[in-house]
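Trainee: The structure is given below, and queries will be raised subsequently.
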Amino acid sequence: MEKNVFQKIIDKEIPATIEYEDDRVIAIRDIAPSAPVHVLIIPKKYITSAHGITVDDADLIGHVYLVAQQLATTLGIDQSGYRVVTNVNADGGQTVFHLHFHLLGGEPLGRMNAARVASGKHGGRGILREAGLIVLFAIGLAAFYNAMSPKHLEWIKPTYTAVPVNDDAIDKLIATAPTPTPTPTPPAATTTTAATTPDRPQRTVDSPKTSTATPPPPAEQAGAARSLTLAQFKKLMGKPNVVLIDARLQEKYDQGHIGNAMNIYGSEVEQHIPELLAIPQDKIVIIYCDGGHCELSHRVADVFLRFGYPNVFVFLGGWAEWSAQK
Ligand code: 5GP
């Protein structure tokens with residue numbers, strides 16, 4: 001009968017890295033280690049597998065475990081932990097049919113059923129399915145929380161550009177602005193948050209159908225609202241045709257805001273679309289937030305731009321610049 005590979009190693013017919021040897025066992029480094037420490041402890045007596053062990057081998061097997069202990073200490077894995085296993089036959093994963101014990105360690109080895117999970121066999125599939133469901137549930141929960149959260153994150157971050165506008169365009173806009181006529185306020189279109197924030201100015205908007213819309217200038221692209229400097233903003237401020245929107249969180253708005261600005265928090269703008277669309281299209285809509293390239297303002301501006309509002313501006317300096325100059 002041809003010698004198996006371990007027999008050849010025991011007989012020194014093929015080389016191996018020997019970690020330990022005595023008259024009953026040899027311990028060698030595994031040629032294809034499954035862990036930082038992977039030593040094979042091989043009894044010199046030929047036994048096919050653990051299934052071939054008899055009562056006569058009790059002493060030998062006890063010795064194997066003592067050698068394993070000693071090697072674990074020598075190799076520095078006795079405290080962190082290790083595993084001693086032996087595979088039996090095909091389903092047990094045995095490839096060399098000469099009894100041997102794997103001493104594994106040097107890293108967390110995971111649970112014993114890790115291989116089953118990875119292979120997807122039998123219970124593994126069930127565990128995988130369960131794990132998949134848990135992950136899906138977690139993603140769903142996170143998405144739901146994100147959608148409900150006032151500070152929710154975008155799945156795909158939109159890009160916004162602030163396009164500067166020249167002074168002539170502002171002057172022209174002021175010159176062509178229609179003279180305001182008192183518009184009766186239909187009760188249904190009246191929106192106010194005064195009930196929750198009594199100190200806020202009452203916000204009254206008229207229905208688009210009642211507006212006397214001026215012919216719109218060329219429509220702007222969503223994501224690219226025109227931006228105003230402080231001087232331009234001041235020019236427009238106070239004009240009767242201007243609607244001012246503060247896109248910051250309500251707490252900030254409550255601490256201070258510009259003029260009679262209404263508060264539409266940019267991250268929740270979707271919930272306020274009907275309210276925004278109740279603003280006549282001929283209004284000059286100016287949105288601001290804390291200052292800088294404020295995404296909140298752009299989000300609000302985008303709603304107007306998408307619905308074809310011609311005069312939508314973002315005051316880039318926002319509350320920071322406005323309050324600093326006072
Ligand atoms: P089994 O799969 O039978 O439980 O384990 C056999 C182990 O022996 C495997 O981990 C394999 O990498 C190792 N092995 C196979 N051939 C050699 C060899 O020639 N030299 C050494 N050092 N290890 C080997």
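Residues in the structure tokens are numbered from 1 in each chain, the chains being A, B, ... in the order shown, and ligands are numbered from 1 in the order shown.
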Find the residues near stretch 59-69 of chain A: any atom within 10 Å, counting only C-alpha atoms, skip ones fewer than 3 places away on the same chain, and give them as a tab-separated table (two decimals) with N, CA, C and O atoms, in the first residue's frame.
Mentor:
```
chain	number	residue	atom	x	y	z
A	20	TYR	N	7.12	20.13	16.68
A	20	TYR	CA	7.33	19.26	17.84
A	20	TYR	C	7.41	17.82	17.35
A	20	TYR	O	6.75	17.43	16.39
A	21	GLU	N	8.22	17.02	18.03
A	21	GLU	CA	8.28	15.59	17.67
A	21	GLU	C	8.74	14.78	18.87
A	21	GLU	O	9.62	15.20	19.63
A	22	ASP	N	8.13	13.62	19.06
A	22	ASP	CA	8.62	12.63	20.03
A	22	ASP	C	8.38	11.26	19.42
A	22	ASP	O	8.06	11.16	18.23
A	24	ARG	N	5.93	9.31	19.73
A	24	ARG	CA	4.54	8.96	19.43
A	24	ARG	C	3.83	9.92	18.46
A	24	ARG	O	2.90	9.53	17.77
A	25	VAL	N	4.26	11.17	18.43
A	25	VAL	CA	3.60	12.15	17.54
A	25	VAL	C	4.62	13.05	16.85
A	25	VAL	O	5.76	13.21	17.33
A	26	ILE	N	4.16	13.62	15.75
A	26	ILE	CA	4.93	14.70	15.10
A	26	ILE	C	3.93	15.85	14.86
A	26	ILE	O	2.78	15.61	14.50
A	27	ALA	N	4.39	17.04	15.10
A	27	ALA	CA	3.53	18.21	14.87
A	27	ALA	C	4.19	19.09	13.82
A	27	ALA	O	5.35	19.50	13.98
A	39	VAL	N	-1.32	24.11	13.07
A	39	VAL	CA	-0.35	23.01	13.22
A	39	VAL	C	-1.12	21.70	13.17
A	39	VAL	O	-2.24	21.60	13.69
A	40	LEU	N	-0.52	20.71	12.53
A	40	LEU	CA	-1.14	19.37	12.48
A	40	LEU	C	-0.39	18.48	13.45
A	40	LEU	O	0.84	18.36	13.36
A	41	ILE	N	-1.13	17.88	14.38
A	41	ILE	CA	-0.49	16.94	15.32
A	41	ILE	C	-0.86	15.54	14.84
A	41	ILE	O	-2.04	15.16	14.81
A	42	ILE	N	0.17	14.83	14.42
A	42	ILE	CA	-0.07	13.55	13.74
A	42	ILE	C	0.52	12.40	14.58
A	42	ILE	O	1.74	12.36	14.82
A	43	PRO	N	-0.35	11.49	15.04
A	43	PRO	CA	0.19	10.30	15.72
A	43	PRO	C	1.04	9.47	14.73
A	43	PRO	O	0.67	9.34	13.56
A	44	LYS	N	2.14	8.96	15.20
A	44	LYS	CA	2.99	8.18	14.29
A	44	LYS	C	2.37	6.82	13.99
A	44	LYS	O	2.61	6.24	12.93
A	45	LYS	N	1.57	6.32	14.95
A	45	LYS	CA	0.86	5.06	14.70
A	45	LYS	C	-0.17	5.30	13.60
A	45	LYS	O	-0.89	6.28	13.63
A	50	ALA	N	-10.28	9.49	13.36
A	50	ALA	CA	-10.74	9.39	14.76
A	50	ALA	C	-11.71	8.24	14.92
A	50	ALA	O	-11.86	7.69	16.02
A	53	ILE	N	-10.02	4.98	16.17
A	53	ILE	CA	-9.39	4.96	17.50
A	53	ILE	C	-10.03	3.86	18.35
A	53	ILE	O	-11.26	3.71	18.34
A	54	THR	N	-9.22	3.11	19.05
A	54	THR	CA	-9.74	2.09	19.97
A	54	THR	C	-9.32	2.45	21.40
A	54	THR	O	-8.53	3.38	21.61
A	55	VAL	N	-9.80	1.64	22.32
A	55	VAL	CA	-9.49	1.88	23.72
A	55	VAL	C	-7.98	1.79	23.96
A	55	VAL	O	-7.43	2.47	24.84
A	56	ASP	N	-7.30	1.02	23.14
A	56	ASP	CA	-5.85	0.90	23.27
A	56	ASP	C	-5.14	2.23	22.96
A	56	ASP	O	-3.98	2.41	23.32
A	72	ALA	N	0.27	25.15	22.06
A	72	ALA	CA	-0.51	26.39	22.17
A	72	ALA	C	0.23	27.39	23.04
A	72	ALA	O	0.30	28.59	22.73
A	73	THR	N	0.84	26.89	24.11
A	73	THR	CA	1.59	27.78	25.00
A	73	THR	C	2.84	28.30	24.29
A	73	THR	O	3.13	29.50	24.28
A	74	THR	N	3.56	27.38	23.65
A	74	THR	CA	4.80	27.77	22.95
A	74	THR	C	4.50	28.80	21.85
A	74	THR	O	5.25	29.75	21.64
A	75	LEU	N	3.39	28.59	21.15
A	75	LEU	CA	3.07	29.46	20.01
A	75	LEU	C	2.28	30.71	20.44
A	75	LEU	O	1.90	31.52	19.60
A	77	ILE	N	-0.76	31.09	21.91
A	77	ILE	CA	-2.21	31.23	21.69
A	77	ILE	C	-3.01	30.62	22.85
A	77	ILE	O	-4.23	30.51	22.76
A	78	ASP	N	-2.31	30.25	23.90
A	78	ASP	CA	-3.01	29.58	25.01
A	78	ASP	C	-3.98	30.53	25.71
A	78	ASP	O	-5.05	30.13	26.14
A	82	TYR	N	-7.80	28.79	21.29
A	82	TYR	CA	-7.48	27.99	20.10
A	82	TYR	C	-8.51	26.88	19.95
A	82	TYR	O	-9.42	26.72	20.76
A	83	ARG	N	-8.35	26.14	18.88
A	83	ARG	CA	-9.29	25.05	18.59
A	83	ARG	C	-8.48	23.82	18.20
A	83	ARG	O	-7.49	23.94	17.47
A	84	VAL	N	-8.89	22.67	18.72
A	84	VAL	CA	-8.28	21.40	18.30
A	84	VAL	C	-9.40	20.58	17.67
A	84	VAL	O	-10.40	20.30	18.32
A	100	HIS	N	-5.04	12.80	12.28
A	100	HIS	CA	-4.29	14.02	12.63
A	100	HIS	C	-5.25	15.02	13.28
A	100	HIS	O	-6.45	14.98	13.04
A	101	PHE	N	-4.69	15.90	14.04
A	101	PHE	CA	-5.48	16.90	14.77
A	101	PHE	C	-4.99	18.28	14.36
A	101	PHE	O	-3.79	18.55	14.36
A	102	HIS	N	-5.96	19.13	14.02
A	102	HIS	CA	-5.62	20.52	13.64
A	102	HIS	C	-5.60	21.37	14.91
A	102	HIS	O	-6.59	21.38	15.66
A	103	LEU	N	-4.49	22.05	15.13
A	103	LEU	CA	-4.43	23.04	16.21
A	103	LEU	C	-4.47	24.41	15.54
A	103	LEU	O	-3.57	24.77	14.77
A	104	LEU	N	-5.56	25.12	15.79
A	104	LEU	CA	-5.79	26.41	15.09
A	104	LEU	C	-5.91	27.55	16.09
A	104	LEU	O	-6.50	27.38	17.16
```
Trainee: Please return as a ChimeraX atom specification the residues found within 12 Å of ligand 1, counting only C-alpha atoms and all ligand atoms.
Mentor: /A:4-10,12-19,26-35,37-42,48-50,84-104
Trainee: At what distance in Å, to one decimal, does atom CA of A:Leu236 lie from atom CA of A:Val285?
Mentor: 10.1 Å
Trainee: Figure out the distance between atom CA of A:Gln271 and atom CA of A:Ile284, please, to one decimal in Å.
Mentor: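 Between atom CA of A:Ile284 and atom CA of A:Gln271 the gap works out to 21.6 Å.
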Trainee: To one decimal place in Å, what is the distance between atom CA of A:Arg226 and atom CA of A:Phe313?
Mentor: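 Computing the Euclidean distance for atom CA of A:Arg226 and atom CA of A:Phe313 yields 4.9 Å.
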Trainee: Would you please work out which residue, of A:Phe304, A:Phe315, A:Phe233, A:Tyr309, is nearest to A:Asp282 when using only C-alpha atoms?
Mentor: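 Smallest distance to A:Asp282 is found for A:Tyr309.
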Trainee: Could you check which of A:Ala138, A:Ile264, A:Met1, A:Leu277 is closest to A:His298, using only C-alpha atoms?
Mentor: A:Ile264
Trainee: Based on the backbone DSSP call, show me all residues of stretch 219-326 of chain A assigned alpha helix (DSSP H), as an NGL selection string.
Mentor: :A and (230-236 or 250-255 or 273-277 or 295-306 or 318-325)
Trainee: Choose the residue, out of A:Ala224, A:Leu109, A:Val300, A:Leu133, that has the smallest atom-to-atom separation from A:Pro164; count only C-alpha atoms.
Mentor: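 Answer, going by the shortest atom-to-atom distance: A:Ala224.
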Trainee: Pick from A:Gln281, A:Gln255, A:Asn263, A:Thr176: nearest to A:Leu305, with only C-alpha atoms counted?
Mentor: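 Checking each of A:Gln281, A:Gln255, A:Asn263, A:Thr176 against A:Leu305, counting only C-alpha atoms, the winner is A:Gln281.
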